[in-house]
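Have a look at the structure below, then the notes.
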Number of protein chains: 2
Amino acid sequence: MKALHLVEPNKIELVDIPTPQNLKKGEVLIKMAYSPINPSDLAFLTGGYGVQRPLPTVPGFEGSGEVIASGGGFYANYLKGKRVACVANNKGDGTWAEYMLTDATKCVVLSKSVSYEQASMSFVNPLTAVELGEMAKKEGYGGIVMDAAASSLSKMVLYQARKHGLGFAGVVRKESQVQELQSRRVDLVVNSSADNWKGQLKEWAGQFGKVLFLDAVGGGSLPFDILRCLPAQSKMIIYGRLDFENPPVLSPQDFIFYEYKLEGYWLSKTASRKSFLKSMSDTRKVQTMLKNGFETTIQKSLPLDNYKEAFELYSKNMSGGKVLFDLNK
Amino acid sequence: MKALHLVEPNKIELVDIPTPQNLKKGEVLIKMAYSPINPSDLAFLTGGYGVQRPLPTVPGFEGSGEVIASGGGFYANYLKGKRVACVANNKGDGTWAEYMLTDATKCVVLSKSVSYEQASMSFVNPLTAVELGEMAKKEGYGGIVMDAAASSLSKMVLYQARKHGLGFAGVVRKESQVQELQSRRVDLVVNSSADNWKGQLKEWAGQFGKVLFLDAVGGGSLPFDILRCLPAQSKMIIYGRLDFENPPVLSPQDFIFYEYKLEGYWLSKTASRKSFLKSMSDTRKVQTMLKNGFETTIQKSLPLDNYKEAFELYSKNMSGGKVLFDLNK
């Protein structure tokens with residue numbers, strides 16, 4: 001089968017490898033349909049860090065396809081012939097291949113109304129949004145602010161914020177994105193290239209006891225500039241690293257005097273830790289989101305052969321929508 | 001009266017100002033005896049950050065002395081003539097003066113066995129140790145690691161860790177400090193100037209699910225080098241800034257892939273937020289600590305006139321013991 005291989009950090013190759021065989025009980029083989037490129041995939045590709053399995057390995061965390069074989073066991077057998085959304089298990093290869101072997105418990109059966117394209121993005125963004133929305137509510141944050149706020153993820157976080165009765169503000173870098181966010185009716189959108197965005201953000205944030213800040217940039221001065229606009233005891237969660245070139249420089253004083261908190265968030269890990277039942281329940285919430293017009297914009301679908309073009313397209317214009325691998329081509 | 005004034009960030013002057021008068025109900029006037037220089041005071045002196053009150057102001061957070069006047073009210077009247085440990089209230093001037101006006105609820109009556117010198121350090125270090133020990137236990141950390149571990153604070157944190165059944169490791173920079181810590185019978189002490197300290201720390205930390213790391217350095221590469229030796233989901237708390245020159249550079253990957261957490265901690269703030277009853281209860285724990293041989297080493301006591309010498313002495317050799325202002329001289 002055709003697949004992509006991460007042979008060493010930052011080095012990808014198109015390879016021809018054997019289709020997985022010898023399924024064990026509880027495992028299924030999926031003929032893949034689509035799989036997106038997520039920021040967390042890009043992070044995975046660059047670091048020895050998160051890569052817990054030996055290289056080379058097939059990257060790709062989530063996708064969709066049809067279950068064509070079962071290694072036995074009730075649920076695995078039930079899935080045979082079904083259209084599913086699926087994630088890689090942490091032990092083996094990922095989704096950027098024509099076929100993937102994974103645990104049956106990593107699959108969710110699709111309702112007919114959901115396309116393979118949309119279904120391929122059922123986990124990373126939607127579950128991140130569900131989980132972070134629940135965290136914000138549970139830990140008492142009055143509002144959520146996001147940078148890179150024209151992203152697909154931000155749309156879903158906005159939905160969750162509304163659901164929990166929380167405020168939502170977005171920070172973007174272009175005037176066109178300001179309009180896009182205004183059309184989504186967020187409470188506040190500021191353009192970090194414009195004047196006085198900090199004053200506006202600070203005023204909005206001041207109405208809450210504390211604010212949850214979701215940072216996709218992870219570099220340069222922007223993230224901590226945003227944090228400094230927020231009330232004491234606010235929390236920053238770094239979940240992406242759009243700015244790889246400029247490592248963020250921490251100001252310990254801010255953390256000491258304002259009692260800020262910082263955490264990292266890696267959905268692949270959270271999702272694989274999650275119990276099967278919790279995943280099912282979250283995925284049901286996701287299907288509700290999709291029905292409510294929170295579909296993800298797709299920029300382009302490309303075959304694995306064009307992987308360089310796919311990465312370039314996505315890296316250059318992340319807010320333009322997702323780039324998917326079309327794994328049937 | 002004689003006092004020190006912070007006239008602008010990083011600028012201190014010895015001044016002669018009026019002794020506080022016109023006490024309101026619930027307030028007391030204290031003839032001060034001793035007050036220590038704490039790392040949190042140094043932080044206060046450098047930044048506009050934490051300084052919430054207009055300059056000039058008398059710095060100094062904690063001290064000891066005798067209550068010589070009351071503004072009325074049951075507890076304030078009761079305190080008159082009593083030896084107390086005290087903290088500044090957040091509105092007015094601090095402890096580095098011959099007299100201080102504060103709220104009666106910021107005073108704790110001393111038992112006869114406690115000296116004014118030891119009593120002047122009843123709050124910042126002891127309450128930090130009590131609070132962080134309780135946090136470690138409550139949030140499920142199996143062990144505590146500290147850098148600058150030859151400090152007065154570390155001695156008290158060790159006591160708390162033992163009390164809660166938690167592991168304790170110290171990171172120091174000199175061979176003489178290694179011996180000092182070994183004599184306190186910590187689980188592990190490593191010298192960050194020696195070889196393979198990371199391997200040793202990693203091995204020790206690996207026995208726990210997650211570890212709480214208390215960082216007093218807040219600069220350079222050391223804090224994040226330590227964090228990287230700890231298991232996923234460990235938390236780093238920056239409570240000091242011994243290294244002012246080198247801002248710490250964050251590695252977002254560490255936070256994303258290992259789900260590390262980072263928080264700032266400023267005891268002055270925590271202590272002033274604390275209810276009177278909780279403070280009293282914590283201070284009782286502190287008196288127990290003192291009885292159990294956890295007294296703080298005092299390097300030298302100096303009058304306010306010698307403030308430059310005092311700051312220099314303390315800054316050069318923080319692990320040599322506390323430097324106190326002798327406010328009767």
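Naming works like this for the structure tokens: A, B, ... for the chains as they're shown, residue 1 at the start of each chain, ligands 1 onward in shown order.
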Select residues of chain B: the criterion is any atom within 6 Å of an atom of chain A, counting only C-alpha atoms; output as a list in words. Gly50, Pro248, Val249, Leu250, Phe255, Ile256, Phe257, Glu259, Tyr260, Lys261, Leu262, Glu263, Gly264, Tyr265 and Trp266 of chain B
Atoms kept (all heavy atoms) for selection, written as a compact mmCIF listing (two decimals), in the first residue's frame:
# COMPACT_ATOMS: atom_id res chain seq x y z
N GLY B 50 4.22 44.35 40.88
CA GLY B 50 3.43 43.97 42.04
C GLY B 50 3.10 45.15 42.92
O GLY B 50 2.30 45.04 43.84
N PRO B 248 14.05 33.35 31.07
CA PRO B 248 13.92 31.94 30.69
C PRO B 248 13.23 31.80 29.34
O PRO B 248 12.26 32.50 29.05
CB PRO B 248 13.05 31.35 31.79
CG PRO B 248 12.30 32.50 32.36
CD PRO B 248 13.10 33.73 32.13
N VAL B 249 13.77 30.92 28.51
CA VAL B 249 13.18 30.68 27.19
C VAL B 249 12.38 29.39 27.26
O VAL B 249 12.89 28.33 27.59
CB VAL B 249 14.26 30.58 26.12
CG1 VAL B 249 13.64 30.21 24.78
CG2 VAL B 249 15.01 31.90 26.01
N LEU B 250 11.12 29.54 26.97
CA LEU B 250 10.18 28.44 27.09
C LEU B 250 10.29 27.51 25.89
O LEU B 250 10.45 27.97 24.77
CB LEU B 250 8.78 29.05 27.13
CG LEU B 250 7.64 28.19 27.56
CD1 LEU B 250 7.66 28.09 29.07
CD2 LEU B 250 6.34 28.82 27.11
N PHE B 255 5.84 21.58 26.91
CA PHE B 255 4.54 21.76 27.56
C PHE B 255 3.45 21.00 26.82
O PHE B 255 2.56 20.42 27.42
CB PHE B 255 4.21 23.24 27.70
CG PHE B 255 4.94 23.86 28.86
CD1 PHE B 255 6.25 24.30 28.73
CD2 PHE B 255 4.33 23.95 30.09
CE1 PHE B 255 6.94 24.82 29.80
CE2 PHE B 255 5.01 24.47 31.18
CZ PHE B 255 6.32 24.91 31.03
N ILE B 256 3.53 21.01 25.49
CA ILE B 256 2.50 20.32 24.71
C ILE B 256 2.63 18.81 24.87
O ILE B 256 1.68 18.13 25.22
CB ILE B 256 2.58 20.73 23.22
CG1 ILE B 256 2.27 22.22 23.06
CG2 ILE B 256 1.63 19.88 22.39
CD1 ILE B 256 2.45 22.76 21.66
N PHE B 257 3.83 18.29 24.65
CA PHE B 257 3.96 16.84 24.61
C PHE B 257 3.97 16.20 26.00
O PHE B 257 3.54 15.07 26.17
CB PHE B 257 5.21 16.44 23.83
CG PHE B 257 5.08 16.72 22.36
CD1 PHE B 257 6.04 17.47 21.69
CD2 PHE B 257 3.99 16.24 21.65
CE1 PHE B 257 5.91 17.72 20.34
CE2 PHE B 257 3.86 16.50 20.29
CZ PHE B 257 4.83 17.25 19.64
N GLU B 259 2.66 17.75 28.69
CA GLU B 259 1.55 18.32 29.46
C GLU B 259 2.01 18.90 30.79
O GLU B 259 1.36 18.72 31.82
CB GLU B 259 0.45 17.27 29.66
CG GLU B 259 -0.11 16.79 28.34
CD GLU B 259 -1.17 15.70 28.52
OE1 GLU B 259 -0.81 14.58 28.92
OE2 GLU B 259 -2.34 15.98 28.28
N TYR B 260 3.15 19.56 30.75
CA TYR B 260 3.64 20.24 31.95
C TYR B 260 2.75 21.43 32.27
O TYR B 260 2.07 21.97 31.40
CB TYR B 260 5.07 20.74 31.73
CG TYR B 260 6.12 19.67 31.69
CD1 TYR B 260 7.19 19.75 30.80
CD2 TYR B 260 6.07 18.57 32.54
CE1 TYR B 260 8.18 18.76 30.76
CE2 TYR B 260 7.04 17.58 32.50
CZ TYR B 260 8.09 17.69 31.61
OH TYR B 260 9.06 16.72 31.58
N LYS B 261 2.79 21.85 33.52
CA LYS B 261 2.07 23.05 33.94
C LYS B 261 3.07 24.02 34.55
O LYS B 261 4.08 23.60 35.10
CB LYS B 261 1.03 22.70 35.00
CG LYS B 261 -0.08 21.80 34.51
CD LYS B 261 -0.93 21.31 35.68
CE LYS B 261 -1.74 20.09 35.34
NZ LYS B 261 -2.89 20.35 34.49
N LEU B 262 2.74 25.29 34.48
CA LEU B 262 3.59 26.30 35.09
C LEU B 262 2.71 27.33 35.79
O LEU B 262 1.70 27.75 35.24
CB LEU B 262 4.43 26.97 34.00
CG LEU B 262 5.49 27.99 34.42
CD1 LEU B 262 6.61 28.02 33.37
CD2 LEU B 262 4.94 29.39 34.56
N GLU B 263 3.11 27.70 36.99
CA GLU B 263 2.36 28.73 37.70
C GLU B 263 3.33 29.66 38.40
O GLU B 263 4.47 29.29 38.67
CB GLU B 263 1.45 28.10 38.77
CG GLU B 263 0.31 27.30 38.20
CD GLU B 263 -0.57 26.68 39.27
OE1 GLU B 263 -0.44 27.04 40.45
OE2 GLU B 263 -1.39 25.83 38.90
N GLY B 264 2.86 30.85 38.67
CA GLY B 264 3.64 31.76 39.50
C GLY B 264 3.05 31.77 40.90
O GLY B 264 1.87 31.46 41.10
N TYR B 265 3.87 32.09 41.85
CA TYR B 265 3.40 32.08 43.23
C TYR B 265 3.97 33.28 43.94
O TYR B 265 5.18 33.51 43.96
CB TYR B 265 3.87 30.79 43.91
CG TYR B 265 3.32 30.63 45.29
CD1 TYR B 265 2.07 30.08 45.49
CD2 TYR B 265 4.05 31.04 46.40
CE1 TYR B 265 1.54 29.94 46.76
CE2 TYR B 265 3.55 30.90 47.68
CZ TYR B 265 2.30 30.36 47.85
OH TYR B 265 1.79 30.22 49.10
N TRP B 266 3.11 34.06 44.53
CA TRP B 266 3.57 35.24 45.25
C TRP B 266 2.93 35.24 46.61
O TRP B 266 1.77 35.55 46.77
CB TRP B 266 3.19 36.50 44.48
CG TRP B 266 3.84 37.72 45.01
CD1 TRP B 266 5.03 37.80 45.68
CD2 TRP B 266 3.36 39.05 44.91
NE1 TRP B 266 5.31 39.09 46.01
CE2 TRP B 266 4.31 39.89 45.55
CE3 TRP B 266 2.23 39.62 44.35
CZ2 TRP B 266 4.14 41.26 45.64
CZ3 TRP B 266 2.07 40.99 44.43
CH2 TRP B 266 3.03 41.81 45.07
Got a sec to tell me which of region 24-136 of chain B DSSP assigns to strand (DSSP E or B), as JSON, numbers by chain? {"B": [27, 28, 29, 30, 31, 32, 33, 34, 35, 36, 57, 62, 63, 64, 65, 66, 67, 68, 69, 70, 83, 84, 85, 86, 87, 97, 99, 100, 101, 102, 103, 107, 108, 109]}
Do you know which residues are at most 10 Å from Ile30 (chain A) counting only C-alpha atoms, after dropping those on the same chain fewer than 4 positions away, and could you put them as JSON, numbers by chain? {"A": [20, 63, 64, 65, 66, 67, 68, 69, 70, 79, 80, 81, 82, 83, 84, 85, 86, 95, 98, 99, 100, 101, 102, 104, 107]}
Output of the above residues as an mmCIF file, in the first residue's frame, restricted to C-alpha atoms:
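Generated output (out-v1.cif):
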data_model
loop_
_atom_site.group_PDB
_atom_site.id
_atom_site.type_symbol
_atom_site.label_atom_id
_atom_site.label_comp_id
_atom_site.auth_asym_id
_atom_site.auth_seq_id
_atom_site.Cartn_x
_atom_site.Cartn_y
_atom_site.Cartn_z
ATOM 1 C CA PRO A 20 -1.160 -4.594 7.726
ATOM 2 C CA GLY A 63 -9.288 10.003 9.501
ATOM 3 C CA SER A 64 -12.260 8.226 8.020
ATOM 4 C CA GLY A 65 -12.823 5.090 5.999
ATOM 5 C CA GLU A 66 -14.525 1.720 5.763
ATOM 6 C CA VAL A 67 -13.761 -1.199 8.053
ATOM 7 C CA ILE A 68 -12.875 -4.125 5.757
ATOM 8 C CA ALA A 69 -11.549 -6.719 8.206
ATOM 9 C CA SER A 70 -11.890 -7.645 11.897
ATOM 10 C CA LEU A 79 -17.807 -2.671 12.634
ATOM 11 C CA LYS A 80 -17.041 -4.763 9.538
ATOM 12 C CA GLY A 81 -18.437 -3.080 6.443
ATOM 13 C CA LYS A 82 -19.276 0.117 8.364
ATOM 14 C CA ARG A 83 -18.265 3.681 7.539
ATOM 15 C CA VAL A 84 -16.256 5.021 10.473
ATOM 16 C CA ALA A 85 -14.322 7.962 11.825
ATOM 17 C CA CYS A 86 -11.141 6.644 13.391
ATOM 18 C CA THR A 95 -3.747 7.460 9.150
ATOM 19 C CA GLU A 98 -4.238 3.579 2.109
ATOM 20 C CA TYR A 99 -5.000 1.198 4.978
ATOM 21 C CA MET A 100 -4.715 1.467 8.749
ATOM 22 C CA LEU A 101 -4.861 -1.152 11.487
ATOM 23 C CA THR A 102 -6.265 0.179 14.753
ATOM 24 C CA ALA A 104 -12.041 -1.169 17.246
ATOM 25 C CA CYS A 107 -13.612 3.854 15.698
#
Might you pull out every residue within 10 Å of region 296-309 of chain A, with only C-alpha atoms counted and same-chain residues fewer than 3 positions away left off, and present them as an MDAnalysis selection string? chainID A and resid 2:4 12:15 34:36 96:98 117:119 121:122 125:126 151:153 155:156 290 293 312:315 317:329
Got a sec: who's within 9 Å of Lys137 (chain A), counting only C-alpha atoms, leaving out chain neighbours fewer than 4 positions off, as a CSV table (one decimal) with C-alpha atoms, in the first residue's frame?
chain,number,residue,atom,x,y,z
A,132,LEU,CA,-11.4,22.9,26.6
A,133,GLY,CA,-14.9,24.3,26.9
A,141,TYR,CA,-13.2,31.0,33.7
A,142,GLY,CA,-15.7,33.6,32.6
A,143,GLY,CA,-14.4,33.9,29.1
A,161,ALA,CA,-18.3,28.8,24.8
A,164,HIS,CA,-21.5,27.1,28.5
A,165,GLY,CA,-22.5,30.7,28.7
A,166,LEU,CA,-18.9,32.0,28.5
Minimum-distance residue to Asp225 (chain B), chosen among B:Leu201, B:Met135, B:Val109, B:Ala310 (using only C-alpha atoms): B:Leu201
Please provide as a PyMOL selection string all residues within 6 Å of Gly72 (chain A), with the sequence filter that same-chain residues fewer than 4 positions apart are discarded (counting only C-alpha atoms). chain A and resi 25-26+76-77
List the spatial neighbours of Ser234 (chain B) as a short mmCIF file (atom, residue, chain, number, x, y, z; two decimals) with N, CA, C and O atoms, in the first residue's frame - criterion: any atom at most 6 Å away, only C-alpha atoms, same-chain residues fewer than 5 positions off excluded.
data_model
loop_
_atom_site.label_atom_id
_atom_site.label_comp_id
_atom_site.auth_asym_id
_atom_site.auth_seq_id
_atom_site.Cartn_x
_atom_site.Cartn_y
_atom_site.Cartn_z
N LYS B 210 3.82 12.07 39.10
CA LYS B 210 4.17 13.44 38.73
C LYS B 210 4.81 14.13 39.92
O LYS B 210 4.63 13.69 41.06
N VAL B 211 5.56 15.19 39.64
CA VAL B 211 6.36 15.83 40.66
C VAL B 211 6.07 17.33 40.67
O VAL B 211 5.81 17.93 39.61
N LEU B 212 6.09 17.94 41.84
CA LEU B 212 5.94 19.39 41.95
C LEU B 212 7.33 20.02 42.05
O LEU B 212 8.12 19.64 42.91
N TYR B 260 3.15 19.56 30.75
CA TYR B 260 3.64 20.24 31.95
C TYR B 260 2.75 21.43 32.27
O TYR B 260 2.07 21.97 31.40
#
Which parts of region 9-175 of chain B does DSSP call helix (DSSP H, G or I) when run on the backbone here, written out as number ranges by chain? B: 39-46, 74-79, 104-106, 116-119, 124-138, 152-164, 175
What is the distance, in Å and to one decimal place, between CA of Ser192 (chain A) and CA of Asp147 (chain A)?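 The value is 9.3 Å.
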Quick one, how far is CA of Asn22 (chain B) from CA of Met1 (chain B)?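 CA of Met1 (chain B) lies at a distance of 15.7 Å from CA of Asn22 (chain B).
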Just how far from CA of Pro56 (chain A) is CA of Lys11 (chain A), in Å to one decimal?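 Pair CA of Lys11 (chain A) / CA of Pro56 (chain A) returns 9.9 Å.
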